[in-house]
Structures are given as C-alpha cells and as structure tokens.
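Asks: This is query-v5.txt, which holds compact mmCIF, C-alpha atoms and all ligand atoms:
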# COMPACT_ATOMS: atom_id res chain seq x y z
CA MET A 1 -15.73 16.62 -5.36
CA SER A 2 -13.83 13.86 -3.57
CA ARG A 3 -10.34 13.76 -2.13
CA GLN A 4 -9.32 12.44 -5.57
CA GLY A 5 -10.67 15.41 -7.54
CA VAL A 6 -13.74 15.61 -9.77
CA ALA A 7 -15.03 12.16 -10.68
CA LEU A 8 -14.66 11.33 -14.38
CA GLU A 9 -15.64 8.31 -16.43
CA ARG A 10 -13.33 5.44 -15.45
CA ASN A 11 -11.36 4.75 -18.64
CA LEU A 12 -7.66 4.42 -19.54
CA ASP A 13 -7.24 8.00 -20.79
CA ASN A 14 -8.92 9.63 -17.80
CA ILE A 15 -6.98 7.49 -15.34
CA LYS A 16 -3.65 8.31 -16.95
CA GLY A 17 -4.68 11.98 -17.04
CA PHE A 18 -5.44 11.74 -13.32
CA TRP A 19 -1.95 10.39 -12.52
CA LYS A 20 -0.25 12.98 -14.73
CA HIS A 21 -2.12 15.67 -12.83
CA GLU A 22 -1.19 14.14 -9.46
CA ALA A 23 2.48 13.99 -10.50
CA ARG A 24 2.42 17.68 -11.41
CA GLU A 25 0.62 18.69 -8.20
CA TRP A 26 2.41 16.45 -5.70
CA GLY A 27 5.41 15.02 -7.60
CA ASP A 28 8.13 15.63 -5.03
CA ASP A 29 6.00 14.42 -2.11
CA PRO A 30 5.71 10.61 -1.71
CA ARG A 31 2.07 11.04 -0.75
CA VAL A 32 1.51 11.62 -4.49
CA THR A 33 0.45 7.99 -4.78
CA ILE A 34 -0.85 7.19 -1.30
CA ARG A 35 -1.86 9.76 1.28
CA ASP A 36 -1.70 7.28 4.16
CA HIS A 37 2.06 7.50 4.49
CA TYR A 38 2.47 5.34 7.60
CA PHE A 39 0.54 2.60 5.84
CA ARG A 40 3.04 2.86 2.98
CA LEU A 41 5.90 2.30 5.43
CA LEU A 42 4.13 -0.74 6.87
CA GLU A 43 3.39 -2.23 3.46
CA THR A 44 6.86 -1.48 2.11
CA ARG A 45 8.47 -3.37 5.00
CA SER A 46 6.21 -6.39 4.33
CA ILE A 47 7.09 -6.41 0.63
CA THR A 48 10.78 -6.05 1.45
CA GLU A 49 10.63 -9.28 3.43
CA ILE A 50 9.00 -11.10 0.51
CA ILE A 51 11.64 -10.09 -2.07
CA ARG A 52 14.71 -10.09 0.20
CA GLY A 53 17.73 -11.72 -1.45
CA ARG A 54 16.23 -11.79 -4.98
CA ARG A 55 18.54 -10.98 -7.88
CA LYS A 56 16.67 -9.08 -10.59
CA VAL A 57 13.49 -7.27 -9.57
CA LEU A 58 10.86 -5.12 -11.29
CA ASP A 59 8.69 -2.64 -9.37
CA ILE A 60 5.73 -2.03 -11.67
CA ALA A 61 3.86 1.29 -11.36
CA CYS A 62 6.44 2.65 -8.93
CA GLY A 63 5.01 6.18 -8.85
CA SER A 64 7.64 8.66 -7.68
CA GLY A 65 9.87 5.84 -6.48
CA PHE A 66 9.82 6.20 -2.69
CA SER A 67 9.12 2.52 -1.90
CA THR A 68 11.43 1.29 -4.68
CA LEU A 69 14.37 2.79 -2.78
CA TYR A 70 13.61 0.48 0.16
CA PHE A 71 13.24 -2.56 -2.10
CA GLY A 72 16.67 -1.73 -3.57
CA GLU A 73 18.25 -2.26 -0.16
CA VAL A 74 17.47 -5.98 -0.11
CA VAL A 75 17.88 -7.14 -3.75
CA ASP A 76 20.75 -7.23 -6.25
CA GLU A 77 19.17 -4.93 -8.81
CA ILE A 78 15.78 -3.32 -9.28
CA THR A 79 14.02 -1.42 -12.05
CA GLY A 80 11.15 0.85 -11.06
CA MET A 81 8.77 1.64 -13.90
CA ASP A 82 5.69 3.80 -14.27
CA TYR A 83 3.72 5.02 -17.29
CA VAL A 84 3.78 8.69 -16.20
CA ASP A 85 7.00 10.47 -17.24
CA ASP A 86 6.76 13.05 -14.45
CA MET A 87 6.58 10.27 -11.83
CA VAL A 88 9.70 8.67 -13.30
CA THR A 89 11.52 12.02 -13.37
CA CYS A 90 10.83 12.49 -9.64
CA ALA A 91 11.98 8.93 -8.96
CA GLN A 92 15.22 9.45 -10.89
CA ARG A 93 15.90 12.59 -8.87
CA PHE A 94 16.29 10.47 -5.75
CA LEU A 95 19.32 8.88 -7.43
CA SER A 96 20.96 12.03 -8.78
CA ASP A 97 20.10 14.84 -6.36
CA THR A 98 21.26 14.38 -2.75
CA VAL A 99 19.59 17.57 -1.57
CA TYR A 100 16.24 16.33 -2.89
CA PHE A 101 16.79 12.86 -1.41
CA ASN A 102 17.63 14.32 2.01
CA LYS A 103 14.73 16.79 1.96
CA VAL A 104 12.18 14.04 1.27
CA MET A 105 13.77 11.56 3.68
CA ASP A 106 14.06 14.10 6.51
CA ARG A 107 10.31 14.48 6.37
CA PHE A 108 9.09 11.03 5.40
CA ALA A 109 11.61 8.28 6.21
CA CYS A 110 10.83 8.30 9.98
CA ASN A 111 14.37 7.28 10.95
CA GLU A 112 14.31 4.47 8.39
CA ARG A 113 16.16 6.20 5.56
CA PRO A 114 16.96 3.76 2.73
CA LYS A 115 20.61 3.26 1.80
CA LEU A 116 21.28 3.76 -1.89
CA ARG A 117 23.57 1.09 -3.34
CA GLY A 118 23.73 2.09 -7.00
CA ASN A 119 21.48 -0.84 -8.03
CA ILE A 120 18.27 1.06 -8.89
CA ARG A 121 17.07 2.42 -12.21
CA PHE A 122 13.78 3.99 -13.20
CA GLU A 123 12.11 4.01 -16.62
CA THR A 124 8.81 4.71 -18.31
CA ALA A 125 6.62 1.76 -19.37
CA ASP A 126 3.01 0.58 -19.30
CA ILE A 127 2.05 -2.62 -17.49
CA LEU A 128 -0.11 -3.58 -20.48
CA ASP A 129 2.79 -3.25 -22.92
CA MET A 130 6.00 -4.04 -21.07
CA PRO A 131 9.29 -4.18 -22.98
CA TYR A 132 10.69 -7.12 -20.98
CA ALA A 133 11.51 -10.60 -22.27
CA PRO A 134 9.68 -13.63 -20.83
CA GLY A 135 11.30 -14.97 -17.66
CA SER A 136 13.32 -11.80 -17.00
CA PHE A 137 12.69 -11.26 -13.29
CA ASP A 138 13.26 -13.13 -10.04
CA ALA A 139 10.68 -10.94 -8.35
CA VAL A 140 8.00 -8.44 -9.31
CA THR A 141 6.35 -5.95 -6.96
CA THR A 142 3.20 -3.97 -7.66
CA SER A 143 1.36 -1.71 -5.24
CA ARG A 144 -2.08 -0.53 -6.31
CA ALA A 145 -1.31 -0.92 -10.01
CA LEU A 146 -4.08 -3.29 -11.14
CA ILE A 147 -6.84 -1.19 -9.57
CA ASN A 148 -5.87 1.56 -12.03
CA LEU A 149 -6.92 -0.64 -14.95
CA PRO A 150 -10.57 0.23 -15.56
CA LYS A 151 -11.88 -3.16 -16.73
CA TRP A 152 -11.63 -6.69 -15.40
CA GLU A 153 -10.34 -7.89 -18.82
CA LEU A 154 -7.45 -5.42 -18.55
CA GLN A 155 -6.64 -6.59 -15.03
CA VAL A 156 -6.54 -10.18 -16.34
CA LYS A 157 -4.26 -9.05 -19.19
CA ALA A 158 -1.89 -7.46 -16.67
CA ILE A 159 -1.86 -10.65 -14.56
CA ASP A 160 -0.90 -12.62 -17.70
CA ARG A 161 1.86 -10.12 -18.55
CA VAL A 162 3.38 -10.32 -15.07
CA ALA A 163 3.19 -14.15 -15.10
CA LYS A 164 5.17 -14.15 -18.38
CA ILE A 165 8.06 -11.95 -17.21
CA LEU A 166 8.57 -13.93 -13.98
CA LYS A 167 11.21 -16.66 -13.81
CA PRO A 168 9.93 -20.17 -12.94
CA LYS A 169 11.04 -19.74 -9.31
CA GLY A 170 10.06 -16.08 -9.20
CA VAL A 171 7.79 -14.34 -6.72
CA TRP A 172 5.21 -11.60 -7.19
CA ALA A 173 4.34 -9.35 -4.23
CA LEU A 174 1.08 -7.72 -5.20
CA ALA A 175 -0.47 -5.12 -2.90
CA GLU A 176 -3.98 -4.10 -3.92
CA VAL A 177 -7.23 -2.73 -2.61
CA THR A 178 -9.94 -5.35 -2.81
CA GLN A 179 -13.73 -5.29 -3.01
CA GLN A 180 -13.99 -7.80 -0.17
CA GLY A 181 -11.52 -5.81 1.94
CA HIS A 182 -13.58 -2.67 1.45
CA GLU A 183 -16.82 -4.51 2.28
CA GLN A 184 -15.46 -5.83 5.56
CA MET A 185 -13.93 -2.46 6.45
CA ASP A 186 -17.27 -0.77 5.74
CA ARG A 187 -19.19 -3.33 7.81
CA ILE A 188 -16.92 -2.72 10.78
CA ARG A 189 -16.97 1.07 10.41
CA GLN A 190 -20.77 1.06 10.19
CA SER A 191 -21.00 -1.06 13.33
CA PHE A 192 -19.34 1.94 15.04
CA GLN A 193 -21.67 4.45 13.32
CA LEU A 194 -18.87 5.63 11.02
CA PRO A 195 -19.56 6.26 7.32
CA ILE A 196 -18.17 3.83 4.76
CA LEU A 197 -14.75 4.64 3.29
CA GLU A 198 -14.64 6.76 0.16
CA LYS A 199 -14.31 4.79 -3.10
CA TYR A 200 -12.15 6.44 -5.77
CA TRP A 201 -13.60 6.97 -9.26
CA HIS A 202 -10.39 5.90 -10.99
CA ASN A 203 -10.09 2.55 -9.22
CA LEU A 204 -11.62 -0.83 -10.05
CA TYR A 205 -11.10 -2.72 -6.81
CA ILE A 206 -9.87 -6.30 -7.08
CA ASP A 207 -12.39 -9.12 -6.70
CA GLU A 208 -10.42 -11.61 -4.58
CA PRO A 209 -11.91 -14.92 -5.86
CA GLY A 210 -11.79 -13.64 -9.46
CA PHE A 211 -8.18 -12.60 -9.01
CA GLN A 212 -7.20 -15.98 -7.59
CA SER A 213 -8.76 -17.86 -10.51
CA ALA A 214 -7.25 -15.48 -13.12
CA ALA A 215 -3.85 -15.94 -11.47
CA LYS A 216 -4.27 -19.73 -11.64
CA LYS A 217 -5.15 -19.56 -15.34
CA ALA A 218 -1.99 -17.50 -15.86
CA GLY A 219 0.06 -20.24 -14.15
CA LEU A 220 0.42 -18.56 -10.75
CA ALA A 221 -0.60 -19.70 -7.29
CA VAL A 222 -1.44 -17.41 -4.40
CA ARG A 223 0.90 -18.68 -1.66
CA GLN A 224 0.04 -16.21 1.07
CA ILE A 225 -2.37 -13.36 1.80
CA GLN A 226 -1.50 -10.65 4.33
CA ARG A 227 -4.06 -8.21 5.70
CA PHE A 228 -3.15 -5.16 7.74
CA GLU A 229 -6.01 -5.50 10.21
CA THR A 230 -4.47 -3.90 13.28
CA TYR A 231 -3.21 -0.80 11.46
CA GLN A 232 -6.48 -0.31 9.59
CA PHE A 233 -8.68 -0.90 12.63
CA LEU A 234 -6.69 1.58 14.71
CA THR A 235 -6.46 4.25 12.00
CA LYS A 236 -9.83 3.85 10.23
CA VAL A 237 -12.05 3.06 13.25
CA ILE A 238 -10.51 4.08 16.59
CA HIS A 239 -8.78 7.22 15.36
CA PRO A 240 -11.87 8.61 13.55
CA LEU A 241 -14.00 7.90 16.65
CA ILE A 242 -11.54 9.85 18.80
CA VAL A 243 -11.35 12.95 16.62
CA ALA A 244 -14.99 13.00 15.41
CA PRO A 245 -16.53 15.14 14.00
CA ARG A 246 -13.13 16.11 12.58
CA GLU A 247 -11.42 13.84 10.03
CA PRO A 248 -8.21 12.22 11.27
CA LYS A 249 -5.04 13.36 9.55
CA PHE A 250 -2.88 10.67 7.98
CA LEU A 251 0.36 12.06 9.42
CA ASP A 252 -0.96 12.33 12.99
CA GLY A 253 1.11 10.67 15.70
CA PHE A 254 -1.82 8.29 16.26
CA ASN A 255 -1.15 6.66 12.89
CA LYS A 256 2.57 6.54 13.60
CA ALA A 257 1.79 4.70 16.85
CA ALA A 258 -0.44 2.34 14.83
CA LEU A 259 2.44 1.68 12.44
CA THR A 260 4.82 0.86 15.30
CA VAL A 261 2.43 -1.54 17.02
CA SER A 262 1.28 -3.18 13.77
CA ARG A 263 4.78 -4.30 12.92
CA LEU A 264 4.67 -6.56 15.97
CA HIS A 265 0.96 -7.37 15.98
CA PRO A 266 -0.29 -7.02 12.38
CA THR A 267 -3.56 -8.98 12.55
CA TYR A 268 -6.55 -9.56 14.81
CA GLN A 269 -5.31 -13.08 15.54
CA SER A 270 -1.91 -11.77 16.68
CA VAL A 271 -3.69 -9.30 18.99
CA VAL A 272 -5.89 -12.10 20.38
CA LYS A 273 -2.78 -14.19 21.00
CA MET A 274 -1.23 -11.54 23.18
CA GLY A 275 -4.55 -10.56 24.82
CA VAL A 276 -6.99 -7.99 23.41
CA ASP A 277 -7.31 -6.03 26.68
CA LYS A 278 -3.56 -5.98 27.22
CA PHE A 279 -3.03 -4.83 23.63
CA PHE A 280 -5.43 -1.86 23.79
CA LEU A 281 -5.17 -0.85 27.46
CA ASP A 282 -1.46 -1.35 27.88
CA ILE A 283 0.70 -1.82 24.77
CA PHE A 284 -0.91 0.54 22.24
CA LYS A 285 -1.69 3.08 24.96
CA SER A 286 1.96 3.31 25.98
CA ILE A 287 3.06 3.92 22.37
CA LEU A 288 0.29 6.50 21.92
CA ALA A 289 1.56 8.30 25.02
CA ILE A 290 4.80 8.90 23.15
CA GLU A 291 3.53 9.59 19.63
CA ASP A 292 0.28 11.50 20.20
CA PRO A 293 -0.11 12.27 23.93
CA GLY A 294 -2.88 14.81 23.34
CA LYS A 295 -5.24 11.98 22.34
CA LEU A 296 -4.53 9.81 25.36
CA ASP A 297 -7.48 10.97 27.51
CA ASP A 298 -10.02 10.50 24.73
CA TYR A 299 -8.50 7.11 23.90
CA ALA A 300 -8.71 6.03 27.55
CA ARG A 301 -12.40 7.05 27.67
CA LEU A 302 -13.31 5.33 24.39
CA VAL A 303 -11.49 2.03 24.52
CA PRO A 304 -13.21 0.40 27.55
CA LYS A 305 -16.56 0.97 25.78
CA ILE A 306 -15.20 -0.63 22.61
CA LEU A 307 -13.84 -3.62 24.49
CA LYS A 308 -17.33 -4.33 25.85
CA LYS A 309 -18.51 -4.85 22.26
CA ASN A 310 -17.24 -8.39 21.65
CA LEU A 311 -14.59 -6.92 19.44
CA ASP A 312 -13.46 -8.81 16.31
CA PHE A 313 -11.67 -6.94 13.53
CA THR A 314 -10.81 -9.93 11.34
CA GLY A 315 -10.54 -8.85 7.69
CA CYS A 316 -10.62 -5.16 8.57
CA SER A 317 -8.27 -4.14 5.77
CA HIS A 318 -9.17 -2.80 2.36
CA GLN A 319 -5.45 -3.14 1.54
CA VAL A 320 -4.36 -6.71 0.86
CA LEU A 321 -0.92 -8.12 0.05
CA PHE A 322 -0.84 -11.28 -2.09
CA VAL A 323 2.29 -13.38 -2.52
CA LEU A 324 2.26 -15.37 -5.75
CA SER A 325 4.64 -17.67 -7.53
CA PRO A 326 4.51 -19.88 -10.63
CA LEU A 327 2.61 -23.18 -10.18
C1 LIG B 1 -1.65 4.13 -6.47
S1 LIG B 1 -0.19 4.57 -7.36
C2 LIG B 1 0.98 3.49 -6.63
C3 LIG B 1 2.39 3.89 -6.87
C4 LIG B 1 3.45 3.13 -6.10
N1 LIG B 1 3.40 1.73 -6.36
C5 LIG B 1 3.33 3.43 -4.63
O1 LIG B 1 2.98 2.55 -3.86
O2 LIG B 1 3.54 4.57 -4.28
C6 LIG B 1 -0.48 3.93 -8.91
C7 LIG B 1 0.65 4.20 -9.90
O3 LIG B 1 0.40 3.39 -11.03
C8 LIG B 1 0.78 4.08 -12.18
N2 LIG B 1 0.05 3.39 -13.26
C9 LIG B 1 -1.28 3.30 -13.42
N3 LIG B 1 -1.57 2.57 -14.50
C10 LIG B 1 -0.38 2.15 -15.02
C11 LIG B 1 -0.04 1.37 -16.13
N4 LIG B 1 -0.97 0.90 -16.97
N5 LIG B 1 1.26 1.11 -16.35
C12 LIG B 1 2.22 1.63 -15.54
N6 LIG B 1 1.95 2.42 -14.49
C13 LIG B 1 0.65 2.67 -14.22
C14 LIG B 1 0.36 5.50 -11.90
O4 LIG B 1 1.06 6.43 -12.72
C15 LIG B 1 0.73 5.63 -10.43
O5 LIG B 1 2.02 6.12 -10.27
Would you mind writing the file out in structure tokens?
Replies:
Amino acid sequence: MSRQGVALERNLDNIKGFWKHEAREWGDDPRVTIRDHYFRLLETRSITEIIRGRRKVLDIACGSGFSTLYFGEVVDEITGMDYVDDMVTCAQRFLSDTVYFNKVMDRFACNERPKLRGNIRFETADILDMPYAPGSFDAVTTSRALINLPKWELQVKAIDRVAKILKPKGVWALAEVTQQGHEQMDRIRQSFQLPILEKYWHNLYIDEPGFQSAAKKAGLAVRQIQRFETYQFLTKVIHPLIVAPREPKFLDGFNKAALTVSRLHPTYQSVVKMGVDKFFLDIFKSILAIEDPGKLDDYARLVPKILKKNLDFTGCSHQVLFVLSPL
C-alpha cells in the first residue's frame, strides 16, 4: 500500500474513482490534491505571474479550488473546473461560506490569504469533453491534470482540446510531473543513498520531448520551462538526509524555509550566481533558524559534507511548469 492507497489498474474509471475517494476523505483540506503544500504555494505564485492581467481564464482540474482563488486575484474572471462533483462543491464553499474560507486560510494561506473579488466560478467538466467554444479563453492553467489521463493518446487529445479553447494570443500555464524530472530527481537522490521517489499508480508522467512535439502538432509552442530545483533539492534531498531514518513531513518548518528561499533563488543556476557556499551556509541557514530551529545543528553538520561533493542539482525537479502559447 502506497501513500496513494492500494494500487489499481491505471484506467479512466479507477482514476476517477481515486479522486472521488480523495475528495470524500480530504475534501475540505487543500492537501486533497497535493500533500506538499509549500510546493503548491511556490507553484501557484509562479502561475500567477504567467497569467497576470489576462481577461478570461480557465483553471482545468482545479481540485478543491485552493489555487484558483489566488489566480482570481490577478485576472478579470476565472472559471475553475474539475470532473469530481465533491471537489467542485468544496471549491464553491470558499465563495459562499466565510467561516470555511477563514478556517482553511488560517491554516494554509501562510499570511498570503487570497482576496476574493467576486470574479470566480466553479463548475463540473471533463478535460476530454469540455463545454467551451473554440477561442474562449485568454489563459488556461492546469496543474497535474494530464498525468491523470492513463494513456498517451488521451494526453494528446487533452493537449488538442486546450489548444482549441485558447485565443490566438492566449497562454497556457501547464504544471506537470515529468518522466525526465523524476529520472533526474532519482539520480540525485540515489547519489546521496536515498531511495527513489514513489511513483503513483494513477499517474502517467509526461514525456517532455513527446509533449513538446504533441503541443507543436496542436499549434502550440513551449515558450518557457520552469523547474523548481532549489525547493526540490532542499526538501527531497537535504531534508530527508537530516531526519533519516524518519520521513520528512511536508508541513515541517524546513519546507517552509525552502519555500521562502526558493522564491528568490528558484534554480541551481540562481544559487550558483549568488554563491553556493553563501546560499547554504548563510542565507538558507538563517531562514531555517527562524522556521525550523530544531534542525539547525543537524543541518550545520550535514551541509559542509555535501558541499565537498561537487554539488550540482540542475534538473532536480519532478515538477515542471511549461508556458505555452499558439504558434
Ligand atoms: C493532482 S490534482 C490537481 C488539482 C489542482 N489543480 C491542484 O493543483 O490542487 C488532479 C485533479 O484533476 C482532476 N481530474 C483528473 N482527471 C480529470 C479530467 N479528465 N477532467 C477534469 N478533471 C480531472 C481530479 O479530480 C483532481 O482534482
């Protein structure tokens, strides 16, 4: 049994059944769709910058709507849609129930509570059968939607569908978990004697070159690729090494410190630019001292050994954010 329940055959019915179950078990907790909550906050901020100022936006597979609320702050109007009714019901509750909104935000917004502006709606729909006219949206966002389609042909179909509903000058912010991202993450973890990351039975991870050529065939170009190397290296390599043999907890202060520092220094190259030693021994350490002081001694013992290893964490991110627009 994995963190994602008993593994079933990866097909459309079982995957939808999985999400219905998750919505019932976790519905009013935003971790229903991603346990690594600080990563969600990092990714959401990146997507917000991509869609800022757009008029009509669609957030496909919005889950229980937590990130959609942040997207709503920076666009004229946004529709969040998901194919699981219970997810959509939770999302709608954010808009109609202030007590619920405040309860979730007190725990999960980390002083970055979204402001509701009356421009968000949620509805039920399937990415493979969307009820939207061609050229309807100035921007589309999807986070880990395609990986829930169990066959490559279905992923290609979804890419075609999104391409059709975008306006000619539209933009698609697509956050996914990729095969190549996982491979690089696993290589780096193994070089530190850590096991590879768990792969979820209900996900078909995106093949990056295949995705790029399918997007091109659908009339879209990949304009930018963002990887979250600093956050993932800190939280999936350094943090596990510090707490071993325990598993790190996603909501630990360590991950919050990683979120804070990754907003300024998101990639390996940005860390190199400011100085790798300075980053680990000075900047991150000082944030850790505030967010998770109990881990400071172990961190201080571990990091000098790691810095001796000719450290390079390029590509250390199973999560990848693609920015696409029509050719
Ligand atoms: C990994 S979650 C991501 C949710 C949300 N984007 C977020 O970041 O929290 C995947 C979501 O996709 C939805 N989903 C999966 N397949 C879908 C489909 N074919 N059409 C619409 N929603 C789908 C699931 O119900 C689930 O809420």
Asks: Near segment 92-101 of chain A, within 8 Å and counting only C-alpha atoms, which residues show up once chain neighbours fewer than 2 positions away are dropped, as a list in words?
Replies: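 Near segment 92-101 of chain A, the qualifying residues are Gly65, Val88, Thr89, Cys90, Lys103, Val104, Met105, Leu116, Arg121 and Phe122 of chain A.
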Asks: Can you work out which one of A:Thr260, A:Gln232, A:Ser270, A:Ser46 has the shortest atom-to-atom distance to Leu288 of chain A, counting all atoms listed in the file?
Replies: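 Closest residue, counting all atoms listed in the file: A:Thr260.
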Asks: Within 7 Å of ligand LIG 1 (chain B), which residues show up when you count all atoms listed in the file? List them as a ChimeraX atom specification, please.
Replies: /A:16,19-20,30,33-34,40,60-67,81-84,87,125-128,142-145,148-149
Asks: Expressed in Å to a single decimal, how great is the separation between atom CA of Leu42 of chain A and atom CA of Trp152 of chain A?
Replies: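 Interatomic distance, atom CA of Leu42 of chain A to atom CA of Trp152 of chain A: 27.9 Å.
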Asks: I need the residue nearest Ala109 of chain A from this list: A:Leu281, A:Ala221, A:Met274, A:Leu41. Use all atoms listed in the file for the distance.
Replies: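 Among the listed residues, A:Leu41 lies closest to Ala109 of chain A.
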Asks: Find the residues near Thr68 of chain A: any atom within 7 Å, counting all atoms listed in the file, skip ones fewer than 4 places away on the same chain, and give them as a ChimeraX atom specification.
Replies: /A:59,62,72,80
Asks: Would you mind telling me which residue in A:Asp160, A:Ile283, A:Ile165, A:Leu264 lies nearest to Lys217 of chain A when using all atoms listed in the file?
Replies: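 Under the stated criterion, the closest residue is A:Asp160.
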Asks: Mind checking which residues fall within 12 Å of segment 188-198 of chain A, counting all atoms listed in the file, ignoring those fewer than 2 positions away in the same chain, and posting them as a ChimeraX atom specification?
Replies: /A:1-4,179,181-186,200-203,229,232-245,247,302,305-306,309-318
Asks: Write out as a PyMOL selection string which residues come within 12 Å of Glu73 of chain A when counting only C-alpha atoms, dropping same-chain ones fewer than 4 positions away.
Replies: chain A and resi 44-45+47-49+51-55+57+67-69+77-78+112-120
Asks: Restricting the output to C-alpha atoms, write the selected residues as a short mmCIF file (atom, residue, chain, number, x, y, z; two decimals), in the frame of the given file.
Replies:
data_model
loop_
_atom_site.label_atom_id
_atom_site.label_comp_id
_atom_site.auth_asym_id
_atom_site.auth_seq_id
_atom_site.Cartn_x
_atom_site.Cartn_y
_atom_site.Cartn_z
CA THR A 44 6.86 -1.48 2.11
CA ARG A 45 8.47 -3.37 5.00
CA ILE A 47 7.09 -6.41 0.63
CA THR A 48 10.78 -6.05 1.45
CA GLU A 49 10.63 -9.28 3.43
CA ILE A 51 11.64 -10.09 -2.07
CA ARG A 52 14.71 -10.09 0.20
CA GLY A 53 17.73 -11.72 -1.45
CA ARG A 54 16.23 -11.79 -4.98
CA ARG A 55 18.54 -10.98 -7.88
CA VAL A 57 13.49 -7.27 -9.57
CA SER A 67 9.12 2.52 -1.90
CA THR A 68 11.43 1.29 -4.68
CA LEU A 69 14.37 2.79 -2.78
CA GLU A 77 19.17 -4.93 -8.81
CA ILE A 78 15.78 -3.32 -9.28
CA GLU A 112 14.31 4.47 8.39
CA ARG A 113 16.16 6.20 5.56
CA PRO A 114 16.96 3.76 2.73
CA LYS A 115 20.61 3.26 1.80
CA LEU A 116 21.28 3.76 -1.89
CA ARG A 117 23.57 1.09 -3.34
CA GLY A 118 23.73 2.09 -7.00
CA ASN A 119 21.48 -0.84 -8.03
CA ILE A 120 18.27 1.06 -8.89
#
Asks: Kindly indicate which residue among A:Glu176, A:Glu291, A:Pro168, A:Asp297 lies nearest to Leu251 of chain A, using only C-alpha atoms for the distances.
Replies: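 Checking each of A:Glu176, A:Glu291, A:Pro168, A:Asp297 against Leu251 of chain A, counting only C-alpha atoms, the winner is A:Glu291.
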Asks: Work out how far atom CA of Glu153 of chain A is from atom CA of Tyr205 of chain A, in Å to one decimal.
Replies: 13.1 Å
Asks: Expressed in Å to a single decimal, how great is the separation between atom CA of Asn255 of chain A and atom CA of Lys295 of chain A?
Replies: 11.6 Å
